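The structure under discussion appears below in the form of structure tokens.
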Protein chains: 2
Amino acid sequence: MRQTDPRAERSRHAMLWAARELLLRHGPAAVTHQRVAEQAGVGRATVYRHWPRVEDLLLATMSGSDLPYFRDPQPPIRPWLFGELRRLADEMAQPEVAAVTLTLMHGALWDADIAQQRDASVANINERIGAALALARASGEAVVAVNDADAATLLIGPLVYRTAMQAGTVPDEVISRALDSVLADVPRATTR
Amino acid sequence: MRQTDPRAERSRHAMLWAARELLLRHGPAAVTHQRVAEQAGVGRATVYRHWPRVEDLLLATMSGSDLPYFRDPQPPIRPWLFGELRRLADEMAQPEVAAVTLTLMHGALWDADIAQQRDASVANINERIGAALALARASGEAVVAVNDADAATLLIGPLVYRTAMQAGTVPDEVISRALDSVLADVPRATTR
């Protein structure tokens with residue numbers, strides 16, 4: 001459905017902007033039809049008409065958005081990263097957020113726009129994790145010699161698998177163990 | 001399309017069985033239209049007609065199949081697990097295998113049959129990883145105190161994220177680091 005009516009177009013933009021603010025301030029789980037409608041000053045049915053499922057709404061909103069994770073790292077990095085991963089894991093365990101992650105991953109196989117969005121998210125996360133680890137190194141924490149993309153793989157991968165494949169929540173223990181693979185307690189020799 | 005012609009039904013079963021043998025012997029990447037056609041003694045067009053995309057074929061084949069990973073663990077477990085994860089990572093890096101993983105994960109959101117298939121795969125992997133770690137413990141290797149599902153999360157998660165989200169291949173280094181989070185070189189106190 002193509003909107004040409006300027007009023008309809010205006011309300012679509014208002015909804016997207018409201019959704020974007022909710023996403024940036026409160027994370028993906030805050031992007032609900034109800035809250036977007038309130039924030040944009042439109043009826044809930046209007047939001048549903050444009051994006052029938054929460055994941056459609058989230059996907060439209062996430063495009064080009066700067067997700068509120070791994071920003072402004074503060075040393076000591078290990079507990080800071082633990083907190084960020086804990087928050088991300090809790091978001092991802094919510095069915096609609098898991099759905100948008102999977103929609104992004106799956107849709108990227110066939111849709112170049114979605115692939116581009118996925119790649120931008122991935123690059124963004126790599127860069128932020130890298131910045132946090134650089135700060136950890138600079139402040140004397142024992143960081144394993146690992147590049148940014150590999151660190152992101154080791155830290156985020158378990159969250160994705162547990163929430164999307166095992167359909168469960170992520171225990172603190174798993175986050176701790178994942179951190180062990182990147183931020184060593186003691187320097188260790190690299191072995192297989 | 002429902003097949004009622006017994007000859008057509010026979011050829012469908014032959015293709016599925018051939019695909020299953022390819023999957024079990026050689027892994028997901030071996031399940032191609034060409035090889036299934038050869039193995040089943042049917043024309044390639046017949047395979048395409050039933051399952052237009054490789055991932056459709058793979059998904060039909062995987063149903064109830066016992067994937068050739070993490071079977072028959074041999075101590076020492078660390079190098080054995082490394083080899084299994086290496087092999088799985090290489091399979092998953094192939095676009096059609098990544099596609100079937102994502103189809104399974106994404107499809108499970110809306111399709112109860114696919115969800116059941118996903119849960120069976122997940123349970124199977126948890127169990128096998130658990131068996132391998134039990135053997136490692138029994139033979140004196142230093143295993144972190146971690147349950148089977150968490151170990152699978154830490155070992156498989158990075159492979160899924162790298163291949164499906166970062167759209168890349170998995171370096172040995174990542175497998176090594178993931179193994180560090182489960183099979184410790186030295187016993188360590190559990191900390192955040």
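Going by the structure tokens order, chains are called A, B, ..., each with residues numbered from 1, while ligands are numbered from 1 in the order shown.
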Restrict the distance test to only C-alpha atoms, flag each residue of chain A within 8 Å of chain B, and return the flagged residues as a PDB file with N, CA, C and O atoms, in the first residue's frame.
```pdb
ATOM      1  N   ARG A  78      35.318  -5.274  32.488  1.00  0.00           N
ATOM      2  CA  ARG A  78      34.651  -6.567  32.651  1.00  0.00           C
ATOM      3  C   ARG A  78      33.252  -6.430  33.271  1.00  0.00           C
ATOM      4  O   ARG A  78      32.277  -6.889  32.674  1.00  0.00           O
ATOM      5  N   PRO A  79      33.115  -5.783  34.420  1.00  0.00           N
ATOM      6  CA  PRO A  79      31.753  -5.614  34.946  1.00  0.00           C
ATOM      7  C   PRO A  79      30.859  -4.739  34.056  1.00  0.00           C
ATOM      8  O   PRO A  79      29.652  -4.975  33.958  1.00  0.00           O
ATOM      9  N   PHE A  82      29.744  -6.969  31.313  1.00  0.00           N
ATOM     10  CA  PHE A  82      28.782  -7.913  31.883  1.00  0.00           C
ATOM     11  C   PHE A  82      27.389  -7.272  31.929  1.00  0.00           C
ATOM     12  O   PHE A  82      26.400  -7.882  31.521  1.00  0.00           O
ATOM     13  N   ALA A  99      12.388 -12.325  17.556  1.00  0.00           N
ATOM     14  CA  ALA A  99      11.799 -12.381  16.214  1.00  0.00           C
ATOM     15  C   ALA A  99      12.462 -11.389  15.270  1.00  0.00           C
ATOM     16  O   ALA A  99      12.736 -11.710  14.113  1.00  0.00           O
ATOM     17  N   LEU A 102      15.912 -12.623  14.282  1.00  0.00           N
ATOM     18  CA  LEU A 102      15.831 -13.695  13.299  1.00  0.00           C
ATOM     19  C   LEU A 102      15.342 -13.189  11.954  1.00  0.00           C
ATOM     20  O   LEU A 102      15.783 -13.659  10.908  1.00  0.00           O
ATOM     21  N   THR A 103      14.427 -12.225  11.975  1.00  0.00           N
ATOM     22  CA  THR A 103      13.934 -11.659  10.723  1.00  0.00           C
ATOM     23  C   THR A 103      15.072 -10.958   9.987  1.00  0.00           C
ATOM     24  O   THR A 103      15.207 -11.058   8.771  1.00  0.00           O
ATOM     25  N   MET A 105      18.314 -11.682  10.335  1.00  0.00           N
ATOM     26  CA  MET A 105      19.276 -12.673   9.881  1.00  0.00           C
ATOM     27  C   MET A 105      18.742 -13.444   8.680  1.00  0.00           C
ATOM     28  O   MET A 105      19.445 -13.695   7.717  1.00  0.00           O
ATOM     29  N   HIS A 106      17.478 -13.846   8.774  1.00  0.00           N
ATOM     30  CA  HIS A 106      16.880 -14.662   7.729  1.00  0.00           C
ATOM     31  C   HIS A 106      16.582 -13.817   6.490  1.00  0.00           C
ATOM     32  O   HIS A 106      16.892 -14.205   5.361  1.00  0.00           O
ATOM     33  N   LEU A 109      19.160 -13.032   3.740  1.00  0.00           N
ATOM     34  CA  LEU A 109      19.525 -14.021   2.724  1.00  0.00           C
ATOM     35  C   LEU A 109      18.972 -13.641   1.362  1.00  0.00           C
ATOM     36  O   LEU A 109      19.548 -13.966   0.330  1.00  0.00           O
ATOM     37  N   ARG A 118      21.651  -5.442   8.371  1.00  0.00           N
ATOM     38  CA  ARG A 118      22.335  -6.409   9.222  1.00  0.00           C
ATOM     39  C   ARG A 118      23.830  -6.090   9.298  1.00  0.00           C
ATOM     40  O   ARG A 118      24.414  -6.044  10.378  1.00  0.00           O
ATOM     41  N   ASP A 119      24.433  -5.825   8.131  1.00  0.00           N
ATOM     42  CA  ASP A 119      25.875  -5.548   8.104  1.00  0.00           C
ATOM     43  C   ASP A 119      26.210  -4.280   8.883  1.00  0.00           C
ATOM     44  O   ASP A 119      27.252  -4.216   9.547  1.00  0.00           O
ATOM     45  N   VAL A 122      26.064  -5.175  12.581  1.00  0.00           N
ATOM     46  CA  VAL A 122      27.218  -6.006  12.928  1.00  0.00           C
ATOM     47  C   VAL A 122      28.473  -5.144  13.040  1.00  0.00           C
ATOM     48  O   VAL A 122      29.236  -5.250  14.004  1.00  0.00           O
ATOM     49  N   ASP A 150      36.080 -10.930  16.244  1.00  0.00           N
ATOM     50  CA  ASP A 150      36.103 -12.206  16.973  1.00  0.00           C
ATOM     51  C   ASP A 150      35.565 -12.033  18.397  1.00  0.00           C
ATOM     52  O   ASP A 150      34.842 -12.909  18.906  1.00  0.00           O
ATOM     53  N   THR A 153      31.880 -11.925  18.198  1.00  0.00           N
ATOM     54  CA  THR A 153      31.385 -13.282  17.944  1.00  0.00           C
ATOM     55  C   THR A 153      31.280 -14.079  19.240  1.00  0.00           C
ATOM     56  O   THR A 153      30.277 -14.741  19.496  1.00  0.00           O
ATOM     57  N   LEU A 154      32.339 -13.998  20.035  1.00  0.00           N
ATOM     58  CA  LEU A 154      32.404 -14.800  21.261  1.00  0.00           C
ATOM     59  C   LEU A 154      31.447 -14.288  22.338  1.00  0.00           C
ATOM     60  O   LEU A 154      30.945 -15.063  23.152  1.00  0.00           O
ATOM     61  N   LEU A 155      31.186 -12.999  22.327  1.00  0.00           N
ATOM     62  CA  LEU A 155      30.333 -12.418  23.370  1.00  0.00           C
ATOM     63  C   LEU A 155      28.854 -12.449  22.990  1.00  0.00           C
ATOM     64  O   LEU A 155      27.991 -12.725  23.835  1.00  0.00           O
ATOM     65  N   ILE A 156      28.544 -12.146  21.724  1.00  0.00           N
ATOM     66  CA  ILE A 156      27.136 -12.046  21.315  1.00  0.00           C
ATOM     67  C   ILE A 156      26.596 -13.391  20.841  1.00  0.00           C
ATOM     68  O   ILE A 156      25.410 -13.689  20.989  1.00  0.00           O
ATOM     69  N   GLY A 157      27.466 -14.211  20.246  1.00  0.00           N
ATOM     70  CA  GLY A 157      27.032 -15.502  19.702  1.00  0.00           C
ATOM     71  C   GLY A 157      26.229 -16.337  20.692  1.00  0.00           C
ATOM     72  O   GLY A 157      25.130 -16.793  20.364  1.00  0.00           O
ATOM     73  N   PRO A 158      26.755 -16.528  21.907  1.00  0.00           N
ATOM     74  CA  PRO A 158      25.998 -17.332  22.871  1.00  0.00           C
ATOM     75  C   PRO A 158      24.619 -16.748  23.192  1.00  0.00           C
ATOM     76  O   PRO A 158      23.655 -17.487  23.397  1.00  0.00           O
ATOM     77  N   LEU A 159      24.499 -15.428  23.201  1.00  0.00           N
ATOM     78  CA  LEU A 159      23.201 -14.790  23.477  1.00  0.00           C
ATOM     79  C   LEU A 159      22.213 -15.105  22.355  1.00  0.00           C
ATOM     80  O   LEU A 159      21.035 -15.391  22.604  1.00  0.00           O
ATOM     81  N   VAL A 160      22.695 -15.042  21.120  1.00  0.00           N
ATOM     82  CA  VAL A 160      21.833 -15.325  19.967  1.00  0.00           C
ATOM     83  C   VAL A 160      21.389 -16.785  19.981  1.00  0.00           C
ATOM     84  O   VAL A 160      20.205 -17.103  19.806  1.00  0.00           O
ATOM     85  N   TYR A 161      22.341 -17.688  20.224  1.00  0.00           N
ATOM     86  CA  TYR A 161      22.010 -19.117  20.195  1.00  0.00           C
ATOM     87  C   TYR A 161      21.014 -19.481  21.294  1.00  0.00           C
ATOM     88  O   TYR A 161      20.030 -20.171  21.062  1.00  0.00           O
ATOM     89  N   ARG A 162      21.281 -18.974  22.512  1.00  0.00           N
ATOM     90  CA  ARG A 162      20.394 -19.313  23.617  1.00  0.00           C
ATOM     91  C   ARG A 162      18.983 -18.761  23.401  1.00  0.00           C
ATOM     92  O   ARG A 162      17.995 -19.453  23.625  1.00  0.00           O
ATOM     93  N   ALA A 164      17.551 -17.512  20.440  1.00  0.00           N
ATOM     94  CA  ALA A 164      16.876 -17.785  19.169  1.00  0.00           C
ATOM     95  C   ALA A 164      16.810 -19.272  18.850  1.00  0.00           C
ATOM     96  O   ALA A 164      15.856 -19.730  18.233  1.00  0.00           O
ATOM     97  N   MET A 165      17.809 -20.043  19.238  1.00  0.00           N
ATOM     98  CA  MET A 165      17.832 -21.457  18.864  1.00  0.00           C
ATOM     99  C   MET A 165      17.353 -22.317  20.039  1.00  0.00           C
ATOM    100  O   MET A 165      16.505 -23.174  19.867  1.00  0.00           O
ATOM    101  N   GLN A 166      17.886 -22.070  21.217  1.00  0.00           N
ATOM    102  CA  GLN A 166      17.483 -22.861  22.378  1.00  0.00           C
ATOM    103  C   GLN A 166      16.200 -22.299  22.997  1.00  0.00           C
ATOM    104  O   GLN A 166      15.638 -22.920  23.895  1.00  0.00           O
ATOM    105  N   VAL A 174      26.532 -18.003  31.795  1.00  0.00           N
ATOM    106  CA  VAL A 174      26.914 -18.047  30.383  1.00  0.00           C
ATOM    107  C   VAL A 174      27.621 -16.746  29.986  1.00  0.00           C
ATOM    108  O   VAL A 174      28.632 -16.767  29.284  1.00  0.00           O
ATOM    109  N   SER A 176      29.264 -14.781  31.976  1.00  0.00           N
ATOM    110  CA  SER A 176      30.561 -14.846  32.649  1.00  0.00           C
ATOM    111  C   SER A 176      31.570 -15.685  31.870  1.00  0.00           C
ATOM    112  O   SER A 176      32.714 -15.297  31.680  1.00  0.00           O
ATOM    113  N   ARG A 177      31.113 -16.834  31.437  1.00  0.00           N
ATOM    114  CA  ARG A 177      31.989 -17.747  30.689  1.00  0.00           C
ATOM    115  C   ARG A 177      32.397 -17.137  29.358  1.00  0.00           C
ATOM    116  O   ARG A 177      33.534 -17.288  28.913  1.00  0.00           O
ATOM    117  N   ALA A 178      31.445 -16.500  28.699  1.00  0.00           N
ATOM    118  CA  ALA A 178      31.760 -15.862  27.414  1.00  0.00           C
ATOM    119  C   ALA A 178      32.801 -14.765  27.643  1.00  0.00           C
ATOM    120  O   ALA A 178      33.754 -14.626  26.862  1.00  0.00           O
ATOM    121  N   ASP A 180      35.024 -14.780  29.908  1.00  0.00           N
ATOM    122  CA  ASP A 180      36.306 -15.468  30.145  1.00  0.00           C
ATOM    123  C   ASP A 180      37.080 -15.686  28.855  1.00  0.00           C
ATOM    124  O   ASP A 180      38.306 -15.756  28.865  1.00  0.00           O
ATOM    125  N   SER A 181      36.344 -15.843  27.747  1.00  0.00           N
ATOM    126  CA  SER A 181      37.044 -16.163  26.498  1.00  0.00           C
ATOM    127  C   SER A 181      37.667 -14.919  25.870  1.00  0.00           C
ATOM    128  O   SER A 181      38.418 -15.017  24.900  1.00  0.00           O
ATOM    129  N   VAL A 182      37.370 -13.758  26.422  1.00  0.00           N
ATOM    130  CA  VAL A 182      37.866 -12.504  25.843  1.00  0.00           C
ATOM    131  C   VAL A 182      38.681 -11.688  26.847  1.00  0.00           C
ATOM    132  O   VAL A 182      39.710 -11.112  26.521  1.00  0.00           O
ATOM    133  N   THR A 191      46.628 -21.781  23.181  1.00  0.00           N
ATOM    134  CA  THR A 191      46.739 -23.173  22.749  1.00  0.00           C
ATOM    135  C   THR A 191      45.457 -23.542  22.044  1.00  0.00           C
ATOM    136  O   THR A 191      44.483 -22.808  22.116  1.00  0.00           O
ATOM    137  N   ARG A 192      45.456 -24.633  21.355  1.00  0.00           N
ATOM    138  CA  ARG A 192      44.199 -25.169  20.839  1.00  0.00           C
ATOM    139  C   ARG A 192      43.463 -25.719  22.018  1.00  0.00           C
ATOM    140  O   ARG A 192      42.440 -26.211  22.019  1.00  0.00           O
TER     141      ARG A 192
END
```
Exercise. As a ChimeraX atom specification, list the residues of stretch 4-191 of chain A assigned to helix (DSSP H, G or I) by DSSP on the backbone atoms of this structure.
Key: /A:6-26,28-30,33-40,44-50,54-62,77-92,95-107,112-138,148-165,172-180
